[in-house]
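Asker: The structure file protein14.cif (mmCIF, C-alpha atoms and all ligand atoms) is provided below.
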data_coords
loop_
_atom_site.label_atom_id
_atom_site.label_comp_id
_atom_site.auth_asym_id
_atom_site.auth_seq_id
_atom_site.Cartn_x
_atom_site.Cartn_y
_atom_site.Cartn_z
CA MET G 8 62.37 73.47 -84.61
CA ASN G 9 60.19 70.61 -85.62
CA TRP G 10 58.36 71.47 -88.82
CA ASP G 11 56.83 68.09 -89.34
CA ASP G 12 53.20 68.46 -90.27
CA THR G 13 52.31 65.01 -89.07
CA ASP G 14 54.20 65.06 -85.82
CA ALA G 15 52.16 66.18 -82.84
CA GLY G 16 53.97 68.14 -80.17
CA ALA G 17 54.51 71.46 -78.51
CA GLU G 18 56.65 72.71 -81.35
CA GLN G 19 54.12 72.01 -84.03
CA ARG G 20 53.59 74.75 -86.58
CA LEU G 21 50.67 77.04 -85.96
CA VAL G 22 49.58 76.53 -89.57
CA ALA G 23 49.97 72.73 -89.54
CA SER G 24 46.88 71.12 -90.99
CA SER G 25 47.07 68.07 -88.70
CA ALA G 26 45.76 68.17 -85.15
CA ASP G 27 47.94 68.35 -82.04
CA GLY G 28 46.90 67.50 -78.48
CA GLU G 29 45.40 70.88 -77.71
CA ASP G 30 43.39 70.78 -80.95
CA GLN G 31 42.00 67.35 -80.22
CA ALA G 32 40.73 68.41 -76.84
CA ILE G 33 39.05 71.55 -78.12
CA GLU G 34 37.87 70.17 -81.45
CA ALA G 35 35.28 67.99 -79.80
CA ALA G 36 33.71 71.11 -78.35
CA LEU G 37 33.76 73.01 -81.64
CA ARG G 38 32.47 70.29 -83.93
CA PRO G 39 29.14 71.06 -85.59
CA LYS G 40 26.57 68.50 -84.47
CA ASP G 41 24.26 68.36 -87.51
CA LEU G 42 24.28 69.09 -91.23
CA GLY G 43 22.62 72.46 -90.68
CA GLU G 44 25.49 73.64 -88.50
CA PHE G 45 28.15 72.29 -90.85
CA VAL G 46 29.56 75.25 -92.77
CA GLY G 47 30.35 75.14 -96.50
CA GLN G 48 30.93 72.05 -98.68
CA GLU G 49 27.54 72.77 -100.25
CA ARG G 50 27.64 69.95 -102.79
CA VAL G 51 28.72 67.23 -100.38
CA ARG G 52 26.23 68.45 -97.82
CA GLU G 53 23.33 68.54 -100.25
CA GLN G 54 24.09 65.11 -101.68
CA LEU G 55 24.65 63.57 -98.28
CA ASP G 56 21.43 65.10 -97.01
CA LEU G 57 19.56 63.27 -99.79
CA VAL G 58 21.31 59.98 -99.12
CA LEU G 59 20.49 60.14 -95.41
CA LYS G 60 16.92 61.36 -95.83
CA ALA G 61 16.17 58.61 -98.35
CA ALA G 62 17.62 55.98 -96.02
CA ARG G 63 15.57 57.31 -93.12
CA GLN G 64 12.39 57.27 -95.19
CA ARG G 65 13.01 53.66 -96.12
CA GLY G 66 13.64 52.94 -92.48
CA GLY G 67 16.88 51.31 -93.52
CA THR G 68 20.58 51.77 -93.10
CA ALA G 69 22.43 54.41 -95.13
CA ASP G 70 24.74 53.36 -97.93
CA HIS G 71 28.50 53.30 -97.25
CA VAL G 72 30.10 56.74 -97.47
CA LEU G 73 33.66 57.66 -98.43
CA LEU G 74 34.96 61.09 -97.43
CA SER G 75 38.17 62.30 -98.99
CA GLY G 76 40.04 65.54 -98.56
CA ALA G 77 43.00 67.29 -96.95
CA PRO G 78 43.51 67.19 -93.16
CA GLY G 79 41.31 69.47 -91.08
CA LEU G 80 38.51 69.97 -93.62
CA GLY G 81 35.86 68.16 -91.59
CA LYS G 82 35.89 64.45 -92.45
CA THR G 83 35.70 63.22 -88.85
CA THR G 84 33.13 65.91 -88.08
CA LEU G 85 30.95 64.82 -90.98
CA SER G 86 31.16 61.15 -90.00
CA MET G 87 29.79 62.01 -86.56
CA ILE G 88 27.07 64.08 -88.17
CA ILE G 89 26.08 61.12 -90.35
CA ALA G 90 25.60 58.97 -87.26
CA ALA G 91 23.70 61.73 -85.47
CA GLU G 92 21.41 62.34 -88.47
CA MET G 93 20.68 58.62 -88.67
CA GLY G 94 20.14 58.45 -84.91
CA ALA G 95 22.69 55.66 -84.87
CA PRO G 96 25.62 54.91 -82.58
CA ILE G 97 29.10 55.36 -84.04
CA ARG G 98 32.16 53.15 -83.63
CA ILE G 99 35.46 54.84 -84.39
CA THR G 100 38.62 53.11 -85.56
CA SER G 101 41.35 53.66 -88.12
CA GLY G 102 43.26 51.82 -90.81
CA PRO G 103 46.55 51.72 -88.88
CA ALA G 104 44.75 50.33 -85.82
CA ILE G 105 43.63 47.30 -87.81
CA GLN G 106 46.72 45.19 -88.17
CA HIS G 107 45.10 41.83 -88.76
CA ALA G 108 41.91 40.69 -90.44
CA GLY G 109 40.95 39.26 -87.04
CA ASP G 110 40.94 42.77 -85.53
CA LEU G 111 38.44 43.84 -88.15
CA ALA G 112 36.33 40.69 -87.71
CA ALA G 113 36.08 41.41 -83.99
CA ILE G 114 34.85 44.94 -84.64
CA LEU G 115 32.43 43.95 -87.39
CA SER G 116 30.88 41.12 -85.45
CA SER G 117 30.12 43.38 -82.52
CA LEU G 118 28.27 46.02 -84.57
CA THR G 119 24.57 46.52 -83.96
CA GLU G 120 22.02 47.04 -86.71
CA GLY G 121 22.31 50.46 -88.35
CA GLU G 122 25.50 51.34 -86.49
CA VAL G 123 28.00 53.65 -88.20
CA LEU G 124 31.53 52.32 -88.39
CA PHE G 125 33.97 55.19 -88.93
CA LEU G 126 37.22 53.97 -90.45
CA ASP G 127 39.70 56.85 -90.48
CA GLU G 128 42.79 56.71 -92.72
CA ILE G 129 41.19 53.83 -94.56
CA HIS G 130 44.03 53.85 -97.11
CA ARG G 131 46.38 52.57 -94.42
CA MET G 132 44.57 49.31 -93.70
CA SER G 133 46.38 46.01 -94.15
CA ARG G 134 45.68 43.96 -97.26
CA PRO G 135 43.95 40.98 -95.58
CA ALA G 136 41.71 43.33 -93.59
CA GLU G 137 40.86 45.16 -96.77
CA GLU G 138 39.73 41.96 -98.44
CA MET G 139 37.59 41.04 -95.49
CA LEU G 140 36.04 44.50 -95.67
CA TYR G 141 35.01 43.99 -99.31
CA MET G 142 32.74 41.11 -98.38
CA ALA G 143 31.47 42.80 -95.25
CA MET G 144 30.50 45.93 -97.17
CA GLU G 145 28.81 44.08 -100.00
CA ASP G 146 27.17 41.06 -98.40
CA PHE G 147 27.24 41.93 -94.68
CA ARG G 148 29.11 38.74 -94.08
CA VAL G 149 32.66 37.77 -93.12
CA ASP G 150 34.48 34.50 -93.24
CA VAL G 151 36.24 33.85 -89.97
CA ILE G 152 39.17 31.48 -90.46
CA VAL G 153 39.52 28.96 -87.67
CA GLY G 154 42.67 26.88 -87.36
CA LYS G 155 45.85 26.90 -89.41
CA GLY G 156 47.27 25.08 -92.43
CA PRO G 157 45.35 22.37 -94.29
CA GLY G 158 42.89 21.96 -91.41
CA ALA G 159 41.82 25.61 -91.44
CA THR G 160 38.14 26.22 -92.11
CA ALA G 161 36.23 29.34 -92.97
CA ILE G 162 33.18 29.88 -90.84
CA PRO G 163 30.76 32.35 -92.40
CA LEU G 164 29.40 34.93 -90.02
CA GLU G 165 26.35 37.05 -90.77
CA LEU G 166 26.62 40.75 -89.90
CA PRO G 167 23.81 43.17 -89.21
CA PRO G 168 23.48 45.90 -91.87
CA PHE G 169 25.75 48.80 -90.95
CA THR G 170 27.06 51.98 -92.58
CA LEU G 171 30.76 52.21 -93.20
CA VAL G 172 32.10 55.75 -93.30
CA GLY G 173 35.65 55.74 -94.60
CA ALA G 174 37.88 58.81 -94.46
CA THR G 175 41.07 59.36 -96.40
CA THR G 176 43.43 62.17 -97.21
CA ARG G 177 44.69 60.12 -100.15
CA ALA G 178 41.74 58.88 -102.21
CA GLY G 179 44.14 58.03 -105.01
CA LEU G 180 45.75 55.35 -102.85
CA LEU G 181 42.53 53.38 -102.41
CA PRO G 182 42.31 50.22 -104.50
CA PRO G 183 39.44 50.53 -107.02
CA PRO G 184 37.54 47.50 -105.62
CA LEU G 185 37.34 49.27 -102.27
CA ARG G 186 36.42 52.64 -103.77
CA ASP G 187 33.67 51.02 -105.84
CA ARG G 188 31.97 49.57 -102.81
CA PHE G 189 31.01 52.95 -101.44
CA GLY G 190 27.56 54.12 -102.46
CA PHE G 191 28.51 57.74 -102.02
CA THR G 192 31.84 59.57 -102.21
CA GLY G 193 32.16 63.09 -100.91
CA HIS G 194 35.22 65.06 -101.84
CA MET G 195 35.92 67.87 -99.40
CA GLU G 196 37.29 71.10 -100.87
CA PHE G 197 39.29 73.85 -99.21
CA TYR G 198 36.99 76.50 -97.73
CA THR G 199 36.48 79.99 -99.11
CA ALA G 200 37.25 83.02 -96.95
CA PRO G 201 33.54 83.80 -96.27
CA GLU G 202 32.97 80.19 -95.19
CA LEU G 203 35.94 80.36 -92.83
CA GLU G 204 34.58 83.60 -91.42
CA ARG G 205 31.37 81.75 -90.56
CA VAL G 206 33.39 78.98 -88.90
CA ILE G 207 35.31 81.58 -86.89
CA HIS G 208 32.20 83.46 -85.77
CA ARG G 209 30.60 80.20 -84.72
CA SER G 210 33.67 79.06 -82.77
CA ALA G 211 34.04 82.50 -81.16
CA ARG G 212 30.47 82.21 -79.93
CA LEU G 213 31.14 78.78 -78.44
CA LEU G 214 34.40 79.93 -76.85
CA ASP G 215 32.71 83.07 -75.56
CA VAL G 216 35.11 85.36 -77.43
CA GLU G 217 34.09 88.77 -78.73
CA ILE G 218 35.03 89.30 -82.34
CA GLU G 219 34.23 91.96 -84.94
CA ALA G 220 33.49 90.95 -88.54
CA PRO G 221 36.76 92.47 -89.88
CA GLY G 222 38.64 90.58 -87.17
CA ALA G 223 37.15 87.30 -88.35
CA ALA G 224 37.99 88.23 -91.96
CA GLU G 225 41.61 88.88 -90.98
CA ILE G 226 41.92 85.43 -89.36
CA ALA G 227 40.06 83.72 -92.23
CA GLY G 228 42.50 85.13 -94.78
CA ARG G 229 45.40 83.52 -92.96
CA SER G 230 43.81 80.10 -92.37
CA ARG G 231 44.83 78.30 -95.56
CA GLY G 232 41.29 77.31 -96.44
CA THR G 233 41.17 74.98 -93.41
CA PRO G 234 38.68 75.18 -90.50
CA ARG G 235 41.09 73.44 -88.12
CA ILE G 236 43.71 76.15 -88.74
CA ALA G 237 41.07 78.90 -88.46
CA ASN G 238 40.03 77.58 -85.04
CA ARG G 239 43.65 77.34 -83.91
CA LEU G 240 44.51 80.86 -85.06
CA LEU G 241 41.35 82.15 -83.35
CA ARG G 242 42.57 80.73 -80.04
CA ARG G 243 45.98 82.35 -80.38
CA VAL G 244 44.43 85.69 -81.34
CA ARG G 245 42.11 85.40 -78.35
CA ASP G 246 45.16 85.04 -76.08
CA TYR G 247 46.71 88.15 -77.59
CA ALA G 248 43.50 90.18 -77.38
CA GLN G 249 43.13 89.21 -73.73
CA VAL G 250 46.70 90.01 -72.72
CA LYS G 251 47.43 93.03 -74.90
CA ALA G 252 43.98 94.59 -75.22
CA ASP G 253 40.49 94.39 -73.77
CA GLY G 254 39.65 90.96 -75.21
CA MET G 255 37.75 92.19 -78.26
CA ILE G 256 39.15 90.83 -81.53
CA THR G 257 39.32 93.61 -84.09
CA ALA G 258 41.03 93.44 -87.48
CA GLU G 259 44.01 95.30 -86.07
CA ILE G 260 44.34 93.03 -83.03
CA ALA G 261 44.06 89.92 -85.23
CA ALA G 262 46.70 91.21 -87.64
CA ARG G 263 49.08 92.21 -84.85
CA ALA G 264 48.62 88.90 -83.05
CA LEU G 265 49.23 86.78 -86.14
CA ASP G 266 52.28 88.85 -87.01
CA VAL G 267 53.63 88.00 -83.57
CA TYR G 268 52.97 84.32 -84.29
CA ASP G 269 54.70 84.65 -87.67
CA VAL G 270 51.65 83.87 -89.79
CA ASP G 271 51.52 86.42 -92.59
CA GLY G 272 48.56 87.96 -94.43
CA ARG G 273 48.27 85.00 -96.74
CA GLY G 274 48.80 82.28 -94.15
CA LEU G 275 52.48 81.65 -94.85
CA ASP G 276 54.61 80.96 -91.80
CA ARG G 277 58.31 81.42 -91.20
CA LEU G 278 59.35 78.26 -93.05
CA ASP G 279 57.20 79.04 -96.09
CA ARG G 280 58.63 82.54 -96.28
CA ALA G 281 62.20 81.33 -95.77
CA VAL G 282 61.83 79.01 -98.77
CA LEU G 283 60.30 81.70 -100.91
CA THR G 284 62.82 84.35 -99.85
CA ALA G 285 65.76 82.07 -100.65
CA LEU G 286 64.26 81.24 -104.02
CA LEU G 287 63.85 84.91 -104.88
CA LYS G 288 66.88 86.53 -103.28
CA LEU G 289 69.54 83.85 -103.72
CA PHE G 290 68.41 82.26 -106.97
CA GLY G 291 66.69 85.12 -108.76
CA GLY G 292 63.38 83.23 -108.71
CA GLY G 293 64.81 79.95 -110.06
CA PRO G 294 64.80 77.48 -111.54
CA VAL G 295 66.78 75.90 -108.74
CA GLY G 296 67.01 72.27 -107.62
CA LEU G 297 65.20 71.13 -104.49
CA SER G 298 68.39 70.05 -102.72
CA THR G 299 70.09 73.37 -103.33
CA LEU G 300 67.04 75.24 -102.10
CA ALA G 301 66.86 73.06 -98.98
CA VAL G 302 70.52 73.68 -98.13
CA ALA G 303 69.98 77.41 -98.59
CA VAL G 304 67.23 77.47 -95.97
CA GLY G 305 69.04 74.99 -93.69
CA GLU G 306 66.29 72.39 -93.83
CA GLU G 307 65.96 68.80 -94.96
CA ARG G 308 64.89 68.20 -98.54
CA GLU G 309 61.77 66.40 -97.32
CA THR G 310 60.78 69.28 -95.07
CA VAL G 311 60.88 71.73 -97.94
CA GLU G 312 59.17 69.36 -100.33
CA GLU G 313 56.45 67.97 -98.06
CA VAL G 314 55.85 70.70 -95.51
CA ALA G 315 56.39 74.03 -97.26
CA GLU G 316 55.89 73.43 -100.95
CA PRO G 317 52.36 71.99 -101.18
CA PHE G 318 50.82 75.16 -99.83
CA LEU G 319 53.13 77.43 -101.86
CA VAL G 320 52.17 75.53 -105.01
CA ARG G 321 48.49 75.65 -104.12
CA GLU G 322 48.73 79.38 -103.57
CA GLY G 323 50.35 79.85 -106.97
CA LEU G 324 53.55 81.22 -105.44
CA LEU G 325 55.89 78.43 -106.52
CA ALA G 326 55.94 76.01 -109.42
CA ARG G 327 57.69 72.65 -109.62
CA THR G 328 59.17 72.30 -113.09
CA PRO G 329 61.45 69.64 -114.62
CA ARG G 330 64.31 72.16 -114.39
CA GLY G 331 63.69 72.94 -110.74
CA ARG G 332 61.66 75.20 -108.48
CA VAL G 333 60.47 78.47 -109.98
CA ALA G 334 58.87 81.46 -108.29
CA THR G 335 55.78 82.96 -109.90
CA PRO G 336 55.16 86.70 -110.32
CA ALA G 337 52.77 86.44 -107.33
CA ALA G 338 55.71 85.34 -105.15
CA TRP G 339 57.70 88.49 -105.97
CA GLU G 340 54.66 90.56 -105.31
CA HIS G 341 53.85 88.83 -102.03
CA LEU G 342 57.32 89.45 -100.61
CA GLY G 343 57.40 92.99 -102.00
CA LEU G 344 60.44 92.31 -104.18
CA THR G 345 61.17 93.29 -107.76
CA PRO G 346 62.29 90.56 -110.16
CA PRO G 347 65.80 91.08 -111.60
CA GLY G 348 65.91 93.08 -114.83
CA ARG G 349 62.57 94.65 -114.10
CA THR G 350 61.70 97.93 -112.61
CA GLY G 351 58.39 99.09 -111.28
CA ALA G 352 55.36 96.94 -110.87
CA ALA G 353 55.00 95.60 -114.41
CA GLN G 354 55.80 91.95 -113.89
CA THR G 355 53.65 90.16 -116.39
CA GLY G 356 55.30 87.88 -118.89
CA LEU G 357 58.12 87.21 -116.46
CA PHE G 358 58.72 83.68 -117.63
CA GLU G 359 58.66 84.15 -121.34
CA SER G 360 61.97 82.87 -122.58
N1 LIG G 401 32.33 72.57 -92.09
C1 LIG G 401 32.74 72.90 -90.87
N2 LIG G 401 32.09 73.80 -90.15
C2 LIG G 401 32.52 74.16 -88.91
N3 LIG G 401 33.62 73.66 -88.35
C3 LIG G 401 34.32 72.74 -89.02
C4 LIG G 401 33.92 72.31 -90.31
N4 LIG G 401 34.79 71.39 -90.75
C5 LIG G 401 35.70 71.25 -89.79
N5 LIG G 401 35.43 72.06 -88.74
C6 LIG G 401 36.24 72.21 -87.54
O1 LIG G 401 37.57 71.81 -87.84
C7 LIG G 401 38.02 70.82 -86.92
C8 LIG G 401 38.73 69.74 -87.71
O2 LIG G 401 37.78 68.99 -88.43
P1 LIG G 401 37.91 67.39 -88.56
O3 LIG G 401 38.58 66.83 -87.36
O4 LIG G 401 36.56 66.89 -88.89
O5 LIG G 401 38.86 67.29 -89.82
P2 LIG G 401 39.36 65.98 -90.58
O6 LIG G 401 39.04 66.20 -92.02
O7 LIG G 401 38.80 64.77 -89.93
O8 LIG G 401 40.92 66.06 -90.39
P3 LIG G 401 42.01 64.84 -90.38
O9 LIG G 401 42.24 64.47 -91.81
O10 LIG G 401 43.23 65.45 -89.75
O11 LIG G 401 41.43 63.73 -89.57
C9 LIG G 401 36.79 70.32 -86.18
O12 LIG G 401 37.00 70.29 -84.82
C10 LIG G 401 35.71 71.33 -86.43
O13 LIG G 401 35.54 72.13 -85.29
MG MG G 402 39.74 63.26 -88.87
#
Go ahead and render the structure in this file as structure tokens.

Answerer:
Amino acid sequence: MNWDDTDAGAEQRLVASSADGEDQAIEAALRPKDLGEFVGQERVREQLDLVLKAARQRGGTADHVLLSGAPGLGKTTLSMIIAAEMGAPIRITSGPAIQHAGDLAAILSSLTEGEVLFLDEIHRMSRPAEEMLYMAMEDFRVDVIVGKGPGATAIPLELPPFTLVGATTRAGLLPPPLRDRFGFTGHMEFYTAPELERVIHRSARLLDVEIEAPGAAEIAGRSRGTPRIANRLLRRVRDYAQVKADGMITAEIAARALDVYDVDGRGLDRLDRAVLTALLKLFGGGPVGLSTLAVAVGEERETVEEVAEPFLVREGLLARTPRGRVATPAAWEHLGLTPPGRTGAAQTGLFES
């Protein structure tokens, strides 16, 4: 089984936050087209709305925008909305696609006035390209180097004003000079359950799937705060409802379907639960070292650390301490187990030593 969150393929986890081939095809159809349709992220939406309205009133080009946040929270979607709201064309590229400064120069010099340049994974751009981008963002100008060695000359090239929209899952990796050149930074948060329910109802409508409110709530609760996962789970539940029932997604159908797909009531999948179960049953809740824990579940260290743990930590089920991994009282409760030396449900103060 391939648990790698970043690796696209048929064996990808159902709760992976990155997009696989099927997602990419369907995501285009499910993307909200304007700010009004975009669910949640109230602060970012409100602020961005002001930025764009002001730019439109001035008849100018919007300031550069940086969008940061975990995979699947809507960065690409929002970049397309920015272009749509500005009535501007959008050019899409990514940090890894820009190997040389020359690649970037070619893109920049072909932009039209007001165009939106979407630079995904901007933290993965090469250093020389990054430096060229500084000048382009600030002065709408690049220096194109012609020739090599002592005879090389820099030919300045004027650019039309454009809006750079950068997206990153790792805002902390951006060099400060780059971060400072964005006029607006929007940090995307994980979505609340009611917001995800709205995403699910909207997608169900577009996919022509019948769903009851409790059915949407059941899926939302298992979607890890991420619209991409909510949409993916909705599609799998739709399959189940169609094959095993009359197509209508009720709470019971959603719960049964997601149990079949091994996504539990809190959004944990088989790997997440295996890690937690080993921690509780074999090591009494810890502390236990990462390597030991990984061997116990028969996985690589990296898989446990990078694929399972971030969500478990976020959910408050597992803590990383200097002495090793420790389960929280919520972990015992979630798996329906009683911590050693305790009886009954009173589990507070578990870690007082
Ligand atoms: N606020 C939202 N409202 C409705 N649907 C959303 C929202 N945000 C994201 N989605 C849905 O989730 C899917 C994934 O969003 P998107 O591709 O924009 O995420 P991303 O942040 O760019 O992810 P990555 O970091 O992997 O590139 C989209 O197809 C869209 O349908
Ligand atoms: Mg994206």

Asker: Can you work out which residues are within 9 Å of ligand MG 402 (chain G), considering all atoms listed in the file, and then hand them over as a ChimeraX atom specification?

Answerer: /G:25-26,78-84,86,127-128,174-175

Asker: Please determine an axis-aligned box that encloses all atoms of region 116-135 of chain G listed in the file, with 4 Å added on each side, and express its centre and edge lengths in Å to one decimal as lines of an AutoDock Vina configuration file.

Answerer:
center_x = 34.2
center_y = 48.9
center_z = -89.9
size_x = 32.4
size_y = 23.9
size_z = 22.7

Asker: Using all atoms listed in the file, which residue out of G:Gly154, G:Gly109, G:Gly293, G:Pro234 lies closest to ligand LIG 401 (chain G)?

Answerer: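 Among the listed residues, the smallest separation from ligand LIG 401 (chain G) belongs to G:Pro234.
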
Asker: With distances taken over all atoms listed in the file, which of G:Gly121, G:Gly173, G:Pro168, G:Gly343 is nearest to ligand LIG 401 (chain G)?

Answerer: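 Distance minimum relative to ligand LIG 401 (chain G) lands on G:Gly173.
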
Asker: Using all atoms listed in the file, determine which residues lie at most 12 Å from Ile88 (chain G), disregarding the query and same-chain residues fewer than 6 positions distant; provide the list as a PyMOL selection string.

Answerer: chain G and resi 38-45+52+55-56+59+81-82+94-97+123+125+172

Asker: CA of Lys288 (chain G) and CA of Ala261 (chain G) are how many Å apart?

Answerer: 29.3 Å

Asker: With distances taken over all atoms listed in the file, which of G:Thr68, G:Thr176, G:Thr328, G:Thr257 is nearest to ligand LIG 401 (chain G)?

Answerer: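 Of G:Thr68, G:Thr176, G:Thr328, G:Thr257, the one nearest ligand LIG 401 (chain G), counting all atoms listed in the file, is G:Thr176.
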
Asker: Hey, which of G:Pro183, G:Gly193, G:Gly274, G:Pro294 ends up closest to ligand LIG 401 (chain G)? Count only C-alpha atoms and all ligand atoms.

Answerer: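 Comparing G:Pro183, G:Gly193, G:Gly274, G:Pro294 against ligand LIG 401 (chain G), the winner is G:Gly193.
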
Asker: Give me, please, the distance in Å between CA of Glu217 (chain G) and CA of Met255 (chain G), quoted to one decimal.

Answerer: 5.0 Å

Asker: For Gly272 (chain G), work out the shell of residues within 9 Å, counting only C-alpha atoms and skipping chain neighbours fewer than 4 positions away, then give it as JSON, numbers by chain.

Answerer: {"G": [225, 226, 228, 229, 262, 265, 266]}
